[in-house]
$ cat run_7.pdb   # PDB, C-alpha atoms
ATOM      1  CA  MET A  22     -18.284   9.448   2.209
ATOM      2  CA  ARG A  23     -21.360  11.127   3.705
ATOM      3  CA  HIS A  24     -22.468  13.963   1.453
ATOM      4  CA  GLY A  25     -23.329  17.214   3.201
ATOM      5  CA  TRP A  26     -26.895  17.563   2.003
ATOM      6  CA  LEU A  27     -27.635  13.870   2.579
ATOM      7  CA  ALA A  28     -27.825  14.322   6.351
ATOM      8  CA  ALA A  29     -29.676  17.622   6.029
ATOM      9  CA  LEU A  30     -32.445  16.009   3.977
ATOM     10  CA  ALA A  31     -32.746  12.898   6.139
ATOM     11  CA  ILE A  32     -36.119  11.170   6.013
ATOM     12  CA  THR A  33     -37.259   8.868   8.796
ATOM     13  CA  SER A  34     -39.725   6.103   8.129
ATOM     14  CA  ALA A  35     -40.482   2.643   9.403
ATOM     15  CA  ALA A  36     -39.481  -0.047   6.941
ATOM     16  CA  PRO A  37     -41.836  -3.051   6.814
ATOM     17  CA  THR A  38     -40.530  -6.590   6.659
ATOM     18  CA  ALA A  39     -41.548  -6.788   3.014
ATOM     19  CA  ALA A  40     -38.925  -4.133   2.270
ATOM     20  CA  GLU A  41     -36.243  -6.834   2.319
ATOM     21  CA  VAL A  42     -37.585  -8.213  -0.967
ATOM     22  CA  PRO A  43     -35.227  -7.299  -3.875
ATOM     23  CA  PHE A  44     -36.589  -4.262  -5.673
ATOM     24  CA  LEU A  45     -33.696  -2.322  -7.227
ATOM     25  CA  ALA A  46     -32.945  -2.151 -10.940
ATOM     26  CA  LEU A  47     -29.621  -0.891 -12.332
ATOM     27  CA  PRO A  48     -30.010   2.919 -12.199
ATOM     28  CA  LEU A  49     -27.998   3.649 -15.323
ATOM     29  CA  ASP A  50     -28.407   3.177 -19.074
ATOM     30  CA  CYS A  51     -25.290   1.069 -19.593
ATOM     31  CA  THR A  52     -24.094  -2.526 -19.799
ATOM     32  CA  LEU A  53     -21.852  -3.587 -16.912
ATOM     33  CA  GLY A  54     -18.554  -4.957 -18.191
ATOM     34  CA  GLU A  55     -19.012  -3.357 -21.600
ATOM     35  CA  THR A  56     -19.899   0.328 -21.350
ATOM     36  CA  CYS A  57     -19.631   0.784 -17.577
ATOM     37  CA  PHE A  58     -18.314  -0.960 -14.472
ATOM     38  CA  ILE A  59     -18.608  -0.740 -10.693
ATOM     39  CA  GLU A  60     -15.649   1.247  -9.406
ATOM     40  CA  ASP A  61     -16.403   1.253  -5.657
ATOM     41  CA  TYR A  62     -18.859  -0.390  -3.258
ATOM     42  CA  VAL A  63     -20.108   0.663   0.181
ATOM     43  CA  ASP A  64     -17.365   0.513   2.804
ATOM     44  CA  ALA A  65     -18.259  -2.411   5.076
ATOM     45  CA  ASP A  66     -15.445  -1.731   7.554
ATOM     46  CA  PRO A  67     -16.359   0.660  10.427
ATOM     47  CA  THR A  68     -12.654   1.232  11.237
ATOM     48  CA  PHE A  69     -10.162   3.373   9.339
ATOM     49  CA  ALA A  70      -9.595   0.491   6.919
ATOM     50  CA  GLN A  71     -11.905  -0.187   3.989
ATOM     51  CA  HIS A  72     -13.485  -3.353   2.585
ATOM     52  CA  ASP A  73     -16.328  -3.994   0.198
ATOM     53  CA  TYR A  74     -19.135  -6.401   1.102
ATOM     54  CA  THR A  75     -17.016  -9.445   0.168
ATOM     55  CA  CYS A  76     -14.070  -8.207   2.302
ATOM     56  CA  GLY A  77     -12.355  -7.248  -0.964
ATOM     57  CA  LEU A  78     -10.504  -4.051  -1.850
ATOM     58  CA  LYS A  79     -13.150  -2.306  -3.944
ATOM     59  CA  SER A  80     -14.145   0.496  -1.613
ATOM     60  CA  ARG A  81     -12.777   3.615   0.059
ATOM     61  CA  ASP A  82     -12.774   4.503   3.734
ATOM     62  CA  GLY A  83     -16.204   5.818   4.665
ATOM     63  CA  HIS A  84     -17.627   5.378   1.167
ATOM     64  CA  GLN A  85     -21.421   5.310   1.433
ATOM     65  CA  GLY A  86     -22.626   4.234  -1.975
ATOM     66  CA  THR A  87     -22.052   2.269  -5.151
ATOM     67  CA  ASP A  88     -20.052   4.062  -7.855
ATOM     68  CA  ILE A  89     -20.961   3.017 -11.405
ATOM     69  CA  ALA A  90     -18.366   4.482 -13.751
ATOM     70  CA  LEU A  91     -18.423   5.213 -17.465
ATOM     71  CA  LEU A  92     -15.395   4.472 -19.636
ATOM     72  CA  SER A  93     -14.390   8.084 -20.242
ATOM     73  CA  GLU A  94     -15.403  11.693 -19.733
ATOM     74  CA  ASN A  95     -16.433  11.797 -23.405
ATOM     75  CA  GLU A  96     -19.563   9.884 -22.405
ATOM     76  CA  ILE A  97     -20.754  12.943 -20.475
ATOM     77  CA  ASP A  98     -21.110  14.869 -23.722
ATOM     78  CA  ARG A  99     -22.841  11.939 -25.404
ATOM     79  CA  GLY A 100     -25.352  11.711 -22.577
ATOM     80  CA  VAL A 101     -25.940   8.578 -20.478
ATOM     81  CA  THR A 102     -29.310   8.451 -18.725
ATOM     82  CA  VAL A 103     -29.663   7.924 -14.978
ATOM     83  CA  ARG A 104     -32.922   6.111 -14.135
ATOM     84  CA  ALA A 105     -34.984   5.547 -11.021
ATOM     85  CA  ALA A 106     -33.990   2.223  -9.466
ATOM     86  CA  ALA A 107     -37.567   1.758  -8.212
ATOM     87  CA  ALA A 108     -40.896   3.567  -8.162
ATOM     88  CA  GLY A 109     -41.307   6.377  -5.658
ATOM     89  CA  THR A 110     -41.746  10.086  -5.037
ATOM     90  CA  VAL A 111     -39.018  12.652  -5.714
ATOM     91  CA  GLN A 112     -38.075  14.171  -2.346
ATOM     92  CA  ALA A 113     -35.314  16.568  -3.415
ATOM     93  CA  VAL A 114     -33.430  17.771  -6.471
ATOM     94  CA  ARG A 115     -30.421  20.002  -6.986
ATOM     95  CA  ASP A 116     -29.032  21.408 -10.237
ATOM     96  CA  GLY A 117     -26.549  24.122 -11.162
ATOM     97  CA  VAL A 118     -23.267  22.597  -9.898
ATOM     98  CA  ALA A 119     -20.578  22.651 -12.593
ATOM     99  CA  ASP A 120     -19.144  19.474 -14.127
ATOM    100  CA  GLU A 121     -15.435  19.791 -13.396
ATOM    101  CA  PRO A 122     -12.616  17.790 -11.794
ATOM    102  CA  TYR A 123     -12.588  18.069  -8.006
ATOM    103  CA  THR A 124      -9.713  20.200  -6.688
ATOM    104  CA  ALA A 125      -8.989  22.101  -3.479
ATOM    105  CA  GLU A 126     -10.365  25.240  -5.114
ATOM    106  CA  VAL A 127     -13.551  23.453  -6.155
ATOM    107  CA  ALA A 128     -13.894  21.912  -2.683
ATOM    108  CA  ALA A 129     -14.031  25.349  -1.049
ATOM    109  CA  ARG A 130     -16.589  26.574  -3.564
ATOM    110  CA  ILE A 131     -19.020  23.640  -3.266
ATOM    111  CA  LYS A 132     -18.741  22.850   0.443
ATOM    112  CA  GLY A 133     -21.943  21.097   1.500
ATOM    113  CA  GLN A 134     -22.721  20.201  -2.121
ATOM    114  CA  GLU A 135     -20.266  17.307  -2.546
ATOM    115  CA  CYS A 136     -23.041  15.161  -4.021
ATOM    116  CA  GLY A 137     -23.217  17.633  -6.907
ATOM    117  CA  ASN A 138     -26.355  17.769  -9.002
ATOM    118  CA  ALA A 139     -28.604  15.125  -7.517
ATOM    119  CA  VAL A 140     -32.013  13.514  -7.090
ATOM    120  CA  ARG A 141     -33.413  11.827  -4.004
ATOM    121  CA  ILE A 142     -36.413   9.480  -4.160
ATOM    122  CA  ALA A 143     -38.520   8.062  -1.307
ATOM    123  CA  HIS A 144     -39.924   4.595  -1.992
ATOM    124  CA  ASP A 145     -43.103   3.044  -0.673
ATOM    125  CA  ASN A 146     -41.203   0.317   1.206
ATOM    126  CA  GLY A 147     -39.434   2.778   3.524
ATOM    127  CA  TYR A 148     -36.180   3.107   1.606
ATOM    128  CA  GLN A 149     -34.758   6.137  -0.175
ATOM    129  CA  THR A 150     -32.325   6.284  -3.083
ATOM    130  CA  LEU A 151     -29.875   9.065  -3.829
ATOM    131  CA  TYR A 152     -28.312   9.750  -7.254
ATOM    132  CA  CYS A 153     -25.208  11.988  -7.194
ATOM    133  CA  HIS A 154     -22.850  13.749  -9.650
ATOM    134  CA  LEU A 155     -25.442  14.277 -12.395
ATOM    135  CA  LYS A 156     -24.717  16.534 -15.352
ATOM    136  CA  ARG A 157     -25.659  20.160 -14.890
ATOM    137  CA  GLY A 158     -28.855  21.046 -16.728
ATOM    138  CA  SER A 159     -29.820  17.408 -17.350
ATOM    139  CA  LEU A 160     -32.303  16.833 -14.500
ATOM    140  CA  SER A 161     -35.741  15.911 -15.783
ATOM    141  CA  VAL A 162     -37.805  15.538 -12.575
ATOM    142  CA  THR A 163     -39.141  17.930  -9.945
ATOM    143  CA  ARG A 164     -39.738  17.674  -6.221
ATOM    144  CA  GLY A 165     -43.010  15.913  -5.380
ATOM    145  CA  GLU A 166     -43.223  14.159  -8.719
ATOM    146  CA  ARG A 167     -44.202  10.493  -8.763
ATOM    147  CA  VAL A 168     -41.879   8.339 -10.873
ATOM    148  CA  GLU A 169     -41.979   4.724 -11.953
ATOM    149  CA  ALA A 170     -39.030   2.332 -11.947
ATOM    150  CA  GLY A 171     -36.814   3.146 -14.919
ATOM    151  CA  ALA A 172     -38.012   6.731 -15.255
ATOM    152  CA  PRO A 173     -35.262   9.087 -16.509
ATOM    153  CA  LEU A 174     -33.933  11.380 -13.792
ATOM    154  CA  GLY A 175     -31.049  13.080 -15.608
ATOM    155  CA  GLN A 176     -27.671  12.168 -17.070
ATOM    156  CA  VAL A 177     -24.292  11.115 -15.685
ATOM    157  CA  GLY A 178     -21.930  14.032 -15.081
ATOM    158  CA  MET A 179     -18.941  14.956 -12.959
ATOM    159  CA  SER A 180     -20.421  17.536 -10.593
ATOM    160  CA  GLY A 181     -19.524  17.770  -6.922
ATOM    161  CA  GLN A 182     -16.751  15.682  -5.385
ATOM    162  CA  SER A 183     -15.889  13.718  -8.505
ATOM    163  CA  ASN A 184     -12.857  13.240 -10.729
ATOM    164  CA  PHE A 185     -14.350  10.813 -13.239
ATOM    165  CA  ALA A 186     -17.643  10.290 -15.030
ATOM    166  CA  HIS A 187     -19.797   8.181 -12.740
ATOM    167  CA  LEU A 188     -23.036   7.821 -10.834
ATOM    168  CA  HIS A 189     -22.776   7.606  -7.052
ATOM    169  CA  PHE A 190     -25.847   5.627  -5.977
ATOM    170  CA  THR A 191     -26.805   5.409  -2.293
ATOM    171  CA  LEU A 192     -29.585   3.370  -0.684
ATOM    172  CA  LEU A 193     -30.875   4.621   2.691
ATOM    173  CA  ARG A 194     -33.346   3.623   5.362
ATOM    174  CA  ASP A 195     -34.081   5.870   8.337
ATOM    175  CA  ALA A 196     -31.217   8.105   7.134
ATOM    176  CA  GLU A 197     -28.710   5.218   7.410
ATOM    177  CA  THR A 198     -26.786   3.875   4.433
ATOM    178  CA  ILE A 199     -27.730   0.327   3.421
ATOM    179  CA  ASP A 200     -25.488  -1.726   1.157
ATOM    180  CA  PRO A 201     -27.820  -3.140  -1.526
ATOM    181  CA  PHE A 202     -25.388  -6.041  -2.026
ATOM    182  CA  ASN A 203     -25.451  -6.993   1.669
ATOM    183  CA  ALA A 204     -28.607  -5.407   3.042
ATOM    184  CA  GLY A 205     -28.747  -7.155   6.404
ATOM    185  CA  ALA A 206     -25.114  -6.613   7.381
ATOM    186  CA  SER A 207     -23.976  -3.333   5.841
ATOM    187  CA  GLN A 208     -21.199  -2.844   8.420
ATOM    188  CA  THR A 209     -19.897  -6.417   8.176
ATOM    189  CA  CYS A 210     -18.082  -7.891   5.191
ATOM    190  CA  GLY A 211     -18.155 -11.533   4.143
ATOM    191  CA  ALA A 212     -21.717 -12.158   5.326
ATOM    192  CA  ASP A 213     -24.278 -13.237   2.747
ATOM    193  CA  SER A 214     -27.266 -11.393   4.162
ATOM    194  CA  GLY A 215     -29.143 -10.906   0.926
ATOM    195  CA  SER A 216     -29.137  -8.554  -2.046
ATOM    196  CA  LEU A 217     -31.790  -5.938  -2.809
ATOM    197  CA  TRP A 218     -30.983  -5.960  -6.543
ATOM    198  CA  LEU A 219     -33.539  -7.552  -8.844
ATOM    199  CA  GLU A 220     -30.533  -8.894 -10.763
ATOM    200  CA  THR A 221     -27.406  -8.731  -8.625
ATOM    201  CA  PRO A 222     -24.397  -7.523 -10.664
ATOM    202  CA  ASP A 223     -21.483  -9.940 -10.906
ATOM    203  CA  TYR A 224     -18.530  -9.284  -8.630
ATOM    204  CA  ALA A 225     -14.830  -9.746  -9.436
ATOM    205  CA  ARG A 226     -12.246  -9.064  -6.750
ATOM    206  CA  ALA A 227      -9.597  -7.961  -9.281
ATOM    207  CA  GLY A 228      -9.169  -4.279 -10.007
ATOM    208  CA  LEU A 229      -6.776  -1.379 -10.455
ATOM    209  CA  PHE A 230      -5.231   0.551  -7.603
ATOM    210  CA  THR A 231      -4.171   3.319  -9.935
ATOM    211  CA  ALA A 232      -2.854   4.373 -13.324
ATOM    212  CA  GLY A 233      -0.239   7.026 -13.996
ATOM    213  CA  PHE A 234       2.202   8.553 -16.436
ATOM    214  CA  SER A 235       5.956   8.420 -16.037
ATOM    215  CA  THR A 236       8.908   9.299 -18.263
ATOM    216  CA  SER A 237      10.534   5.853 -18.014
ATOM    217  CA  VAL A 238       9.429   2.369 -17.036
ATOM    218  CA  PRO A 239       9.179   2.624 -13.230
ATOM    219  CA  ARG A 240      10.035   0.182 -10.475
ATOM    220  CA  LEU A 241       7.262  -1.591  -8.576
ATOM    221  CA  THR A 242       8.251   0.080  -5.306
ATOM    222  CA  HIS A 243       7.918   3.504  -6.947
ATOM    223  CA  VAL A 244       4.525   2.579  -8.386
ATOM    224  CA  GLN A 245       3.369   1.417  -4.948
ATOM    225  CA  SER A 246       4.579   4.570  -3.200
ATOM    226  CA  GLY A 247       3.360   6.957  -5.888
ATOM    227  CA  ALA A 248       6.888   8.204  -6.628
ATOM    228  CA  ALA A 249       6.605   6.954 -10.225
ATOM    229  CA  ARG A 250       3.859   9.409 -11.141
ATOM    230  CA  ARG A 251       4.797  12.454 -13.208
ATOM    231  CA  GLU A 252       2.468  15.412 -13.632
ATOM    232  CA  THR A 253       4.645  17.170 -16.230
ATOM    233  CA  ALA A 254       7.212  16.212 -18.854
ATOM    234  CA  ARG A 255       9.491  17.895 -21.351
ATOM    235  CA  PRO A 256       8.930  17.445 -25.110
ATOM    236  CA  ASP A 257      12.063  15.252 -25.316
ATOM    237  CA  HIS A 258      10.901  12.881 -22.549
ATOM    238  CA  ASP A 259       9.560   9.409 -23.276
ATOM    239  CA  ILE A 260       5.904   8.942 -22.305
ATOM    240  CA  VAL A 261       5.090   5.798 -20.301
ATOM    241  CA  LEU A 262       1.650   4.828 -18.999
ATOM    242  CA  TYR A 263       1.445   2.253 -16.200
ATOM    243  CA  GLY A 264      -1.350   0.386 -14.441
ATOM    244  CA  PHE A 265      -1.148  -1.092 -10.935
ATOM    245  CA  ALA A 266      -3.518  -4.062 -10.488
ATOM    246  CA  PHE A 267      -4.639  -6.273  -7.625
ATOM    247  CA  HIS A 268      -5.795  -9.917  -7.619
ATOM    248  CA  SER A 269      -5.265 -10.428 -11.338
ATOM    249  CA  GLU A 270      -5.602 -13.955 -12.737
ATOM    250  CA  ASP A 271      -3.767 -15.870 -15.444
ATOM    251  CA  GLY A 272      -5.027 -14.728 -18.840
ATOM    252  CA  ASP A 273      -6.361 -11.337 -17.714
ATOM    253  CA  GLN A 274      -5.516  -8.479 -20.030
ATOM    254  CA  MET A 275      -4.422  -4.912 -19.431
ATOM    255  CA  GLY A 276      -5.119  -2.382 -22.155
ATOM    256  CA  PHE A 277      -3.254   0.908 -22.548
ATOM    257  CA  SER A 278      -4.180   3.916 -24.657
ATOM    258  CA  ALA A 279      -2.890   7.463 -24.661
ATOM    259  CA  SER A 280      -3.662  10.549 -26.687
ATOM    260  CA  GLY A 281      -2.355  14.093 -26.887
ATOM    261  CA  PRO A 282      -3.007  17.354 -28.704
ATOM    262  CA  GLU A 283      -2.629  15.662 -32.094
ATOM    263  CA  GLY A 284      -4.587  12.472 -31.319
ATOM    264  CA  GLU A 285      -3.664   8.940 -30.275
ATOM    265  CA  ILE A 286       0.007   8.281 -29.572
ATOM    266  CA  PHE A 287      -0.223   4.590 -28.663
ATOM    267  CA  SER A 288      -2.618   1.736 -27.944
ATOM    268  CA  GLN A 289      -1.629  -1.717 -26.718
ATOM    269  CA  THR A 290      -3.098  -4.723 -24.920
ATOM    270  CA  GLN A 291      -0.921  -7.006 -22.799
ATOM    271  CA  THR A 292      -1.876 -10.466 -21.514
ATOM    272  CA  ILE A 293      -1.015 -11.243 -17.892
ATOM    273  CA  GLU A 294       0.588 -14.677 -17.936
ATOM    274  CA  ASP A 295       0.904 -15.074 -14.175
ATOM    275  CA  GLY A 296      -1.732 -13.395 -12.044
ATOM    276  CA  MET A 297      -0.821 -12.302  -8.548
ATOM    277  CA  ALA A 298      -1.981 -10.214  -5.595
ATOM    278  CA  GLN A 299      -0.226  -7.105  -6.911
ATOM    279  CA  LEU A 300       1.452  -6.344 -10.214
ATOM    280  CA  PHE A 301       1.978  -3.503 -12.624
ATOM    281  CA  ARG A 302       2.393  -3.313 -16.378
ATOM    282  CA  ALA A 303       3.448  -0.400 -18.561
ATOM    283  CA  SER A 304       3.333   0.738 -22.167
ATOM    284  CA  GLY A 305       4.641   3.826 -23.922
ATOM    285  CA  ARG A 306       6.546   5.523 -26.712
ATOM    286  CA  ARG A 307       9.891   7.192 -27.059
ATOM    287  CA  ALA A 308       9.878  10.891 -27.816
ATOM    288  CA  PRO A 309       9.656  11.510 -31.575
ATOM    289  CA  ASP A 310      12.210  13.542 -33.489
ATOM    290  CA  GLY A 311      11.585  17.141 -32.578
ATOM    291  CA  GLY A 312       9.807  16.156 -29.353
ATOM    292  CA  TRP A 313       6.173  15.847 -28.330
ATOM    293  CA  PRO A 314       3.766  18.707 -29.038
ATOM    294  CA  THR A 315       3.172  20.714 -25.881
ATOM    295  CA  GLY A 316      -0.182  20.336 -24.172
ATOM    296  CA  ALA A 317      -2.249  17.874 -22.123
ATOM    297  CA  TYR A 318      -2.011  14.108 -22.623
ATOM    298  CA  THR A 319      -4.579  11.617 -21.329
ATOM    299  CA  GLY A 320      -4.155   7.897 -20.772
ATOM    300  CA  HIS A 321      -6.524   5.060 -19.931
ATOM    301  CA  VAL A 322      -5.640   1.681 -18.437
ATOM    302  CA  THR A 323      -8.267  -1.068 -18.601
ATOM    303  CA  LEU A 324      -8.254  -4.440 -16.829
ATOM    304  CA  LEU A 325     -10.238  -7.135 -18.652
ATOM    305  CA  ARG A 326     -11.131 -10.777 -18.104
ATOM    306  CA  ASP A 327     -12.562 -12.757 -21.018
ATOM    307  CA  GLY A 328     -13.459  -9.488 -22.692
ATOM    308  CA  VAL A 329     -15.333  -8.136 -19.653
ATOM    309  CA  ILE A 330     -14.132  -4.814 -18.215
ATOM    310  CA  LEU A 331     -13.264  -5.235 -14.537
ATOM    311  CA  ALA A 332     -11.715  -1.817 -13.952
ATOM    312  CA  ARG A 333     -10.514   1.279 -15.777
ATOM    313  CA  ARG A 334      -8.375   4.189 -14.599
ATOM    314  CA  HIS A 335      -7.251   7.384 -16.274
ATOM    315  CA  ALA A 336      -4.178   9.578 -15.919
ATOM    316  CA  THR A 337      -2.996  12.922 -17.278
ATOM    317  CA  ILE A 338       0.372  14.553 -17.922
ATOM    318  CA  LEU A 339       1.254  18.006 -19.219
ATOM    319  CA  VAL A 340       4.062  18.342 -21.752
ATOM    320  CA  GLU A 341       5.556  21.808 -21.443
TER     321      GLU A 341
END
$ encode --input "run_7.pdb" --output "structure tokens"
Amino acid sequence: MRHGWLAALAITSAAPTAAEVPFLALPLDCTLGETCFIEDYVDADPTFAQHDYTCGLKSRDGHQGTDIALLSENEIDRGVTVRAAAAGTVQAVRDGVADEPYTAEVAARIKGQECGNAVRIAHDNGYQTLYCHLKRGSLSVTRGERVEAGAPLGQVGMSGQSNFAHLHFTLLRDAETIDPFNAGASQTCGADSGSLWLETPDYARAGLFTAGFSTSVPRLTHVQSGAARRETARPDHDIVLYGFAFHSEDGDQMGFSASGPEGEIFSQTQTIEDGMAQLFRASGRRAPDGGWPTGAYTGHVTLLRDGVILARRHATILVE
């Protein structure tokens, strides 16, 4: 998506040929596949469909950045540092937007501030980088300040148009989004036009469409349509957490964990014996004697390959 203030703060500059040399470092204090993962890439499809730079499924229609996600919202409280991907001058900062899940009510309140708390840096090679959804009160730079590569800018939050703890990182040139994984062909997937990362992160086409809670083991068709998802349950209902994956391979694993008002209620890892284009797995527990305590329950589904986290999704359900 194009964030409202991104266009308003557009910077035009001529990019020299030397700008095509890789120059970007990972802008987050985390280890990909262990403590964070790439949730979405730049949308390389100019139509109403969406494809990442490999022509895979890891993007959203009109998505104009790279989303690097943390494993849970708890990491926001711990504090995970966002760092400058390259040396440059701070062009704009914004702070004061609350860290909260994005809803229709929030959307009306923050219109034009969908990027949330953010920093924008202009680099000497004609590019700019934008860092969105930072934690309120965590920004550590000011407009006009010169920063070196790796300098702390703030911490990951959930401000703006965000429903999970992540950094939305956008690379721009002349106010146009550039895909750092496919810099010479940002609107075309499948072309190997060169990466601007100093160390290009590994790519895996497998991922999770979604995760959700239900009150019984659902059918695949209901998972695909969304009919399986339950937002509320009674105390005497069973609690089932499901994950819907794409392009899994033999031996991949899907981990399930869920917790409620009194702590963890289950944790399980299942091995996928036969990978396929689409599949779902589920785990859960029957209602205990006397029923579940009322309150909010949170679940996480994680897709792993050889111990490396490929994707992670969360879900919530209210027992009332």
$ atom_distance --input "run_7.pdb" --atom1 "atom CA of Ser80 of chain A" --atom2 "atom CA of Glu60 of chain A"
8.0 Å
$ resolve_selection --input "run_7.pdb" --expression "the PyMOL selection byres ((chain A and resi 57) around 7)" --output "PyMOL selection string"
chain A and resi 51-56+58+89-92
$ resolve_selection --input "run_7.pdb" --expression "the PyMOL selection byres ((chain A and resi 340) around 10)" --output "list in words"
Glu252, Thr253, Ala254, Arg255, Pro256, Asp257, His258, Ile260, Gly281, Pro282, Gly312, Trp313, Pro314, Thr315, Gly316, Ala317, Tyr318, Thr337, Ile338, Leu339 and Glu341 of chain A
$ closest_residue --input "run_7.pdb" --among "A:Glu94, A:Asp116, A:Glu169, A:Asp259" --to "Asp145 of chain A" --atoms "all atoms listed in the file"
A:Glu169
$ residues_around --input "run_7.pdb" --residues "segment 98-101 of chain A" --least-positions-apart "2" --cutoff "6 Å" --atoms "only C-alpha atoms" --output "list in words"
Asn95, Glu96, Gln176 and Val177 of chain A
$ write_last_selection --input "run_7.pdb" --atoms "C-alpha atoms" --output "mmCIF file, in the frame of the given file"
data_model
loop_
_atom_site.group_PDB
_atom_site.id
_atom_site.type_symbol
_atom_site.label_atom_id
_atom_site.label_comp_id
_atom_site.auth_asym_id
_atom_site.auth_seq_id
_atom_site.Cartn_x
_atom_site.Cartn_y
_atom_site.Cartn_z
ATOM 1 C CA ASN A 95 -16.433 11.797 -23.405
ATOM 2 C CA GLU A 96 -19.563 9.884 -22.405
ATOM 3 C CA GLN A 176 -27.671 12.168 -17.070
ATOM 4 C CA VAL A 177 -24.292 11.115 -15.685
#
$ resolve_selection --input "run_7.pdb" --expression "the PyMOL selection byres ((chain A and resi 107) around 6)" --output "PDB file with C-alpha atoms, in the coordinates of the input"
ATOM      1  CA  LEU A  45     -33.696  -2.322  -7.227  1.00  0.00           C
ATOM      2  CA  ALA A 105     -34.984   5.547 -11.021  1.00  0.00           C
ATOM      3  CA  ALA A 106     -33.990   2.223  -9.466  1.00  0.00           C
ATOM      4  CA  ALA A 108     -40.896   3.567  -8.162  1.00  0.00           C
ATOM      5  CA  ALA A 170     -39.030   2.332 -11.947  1.00  0.00           C
TER       6      ALA A 170
END
$ closest_residue --input "run_7.pdb" --among "A:Ala212, A:Val127, A:Phe265, A:Leu217" --to "Asn184 of chain A" --atoms "all atoms listed in the file"
A:Val127
$ atom_distance --input "run_7.pdb" --atom1 "atom CA of Ser207 of chain A" --atom2 "atom CA of Asp195 of chain A"
13.9 Å
$ atom_distance --input "run_7.pdb" --atom1 "atom CA of Arg226 of chain A" --atom2 "atom CA of Gly77 of chain A"
6.1 Å
$ closest_residue --input "run_7.pdb" --among "A:Thr221, A:Thr209, A:Ser235, A:Ser280" --to "Leu47 of chain A" --atoms "only C-alpha atoms"
A:Thr221
$ residues_around --input "run_7.pdb" --residues "Thr231 of chain A" --least-positions-apart "2" --cutoff "7 Å" --atoms "only C-alpha atoms" --output "list in words"
Leu229, Gly233, Gly264, Phe265 and Arg334 of chain A
$ write_last_selection --input "run_7.pdb" --atoms "C-alpha atoms" --output "compact mmCIF listing (two decimals), keeping the file's coordinate frame"
# COMPACT_ATOMS: atom_id res chain seq x y z
CA LEU A 229 -6.78 -1.38 -10.46
CA GLY A 233 -0.24 7.03 -14.00
CA GLY A 264 -1.35 0.39 -14.44
CA PHE A 265 -1.15 -1.09 -10.94
CA ARG A 334 -8.38 4.19 -14.60
$ residues_around --input "run_7.pdb" --residues "Gly109 of chain A" --least-positions-apart "4" --cutoff "7 Å" --atoms "all atoms listed in the file" --output "PyMOL selection string"
chain A and resi 142-145+167-169
$ residues_around --input "run_7.pdb" --residues "Gly211 of chain A" --least-positions-apart "6" --cutoff "9 Å" --atoms "all atoms listed in the file" --output "number ranges by chain"
A: 73-77, 203
$ closest_residue --input "run_7.pdb" --among "A:Ser304, A:Ser214, A:Gln274, A:Gln299" --to "Ile286 of chain A" --atoms "all atoms listed in the file"
A:Ser304
$ residues_around --input "run_7.pdb" --residues "Lys156 of chain A" --least-positions-apart "6" --cutoff "12 Å" --atoms "all atoms listed in the file" --output "PyMOL selection string"
chain A and resi 94+96-103+115-121+136-140+174-181+183+186-188
$ closest_residue --input "run_7.pdb" --among "A:Ala113, A:Thr290, A:Thr242, A:Pro201" --to "Pro222 of chain A" --atoms "only C-alpha atoms"
A:Pro201
$ closest_residue --input "run_7.pdb" --among "A:Gly158, A:Gly247, A:Gly311, A:Gly320" --to "Phe277 of chain A" --atoms "all atoms listed in the file"
A:Gly320
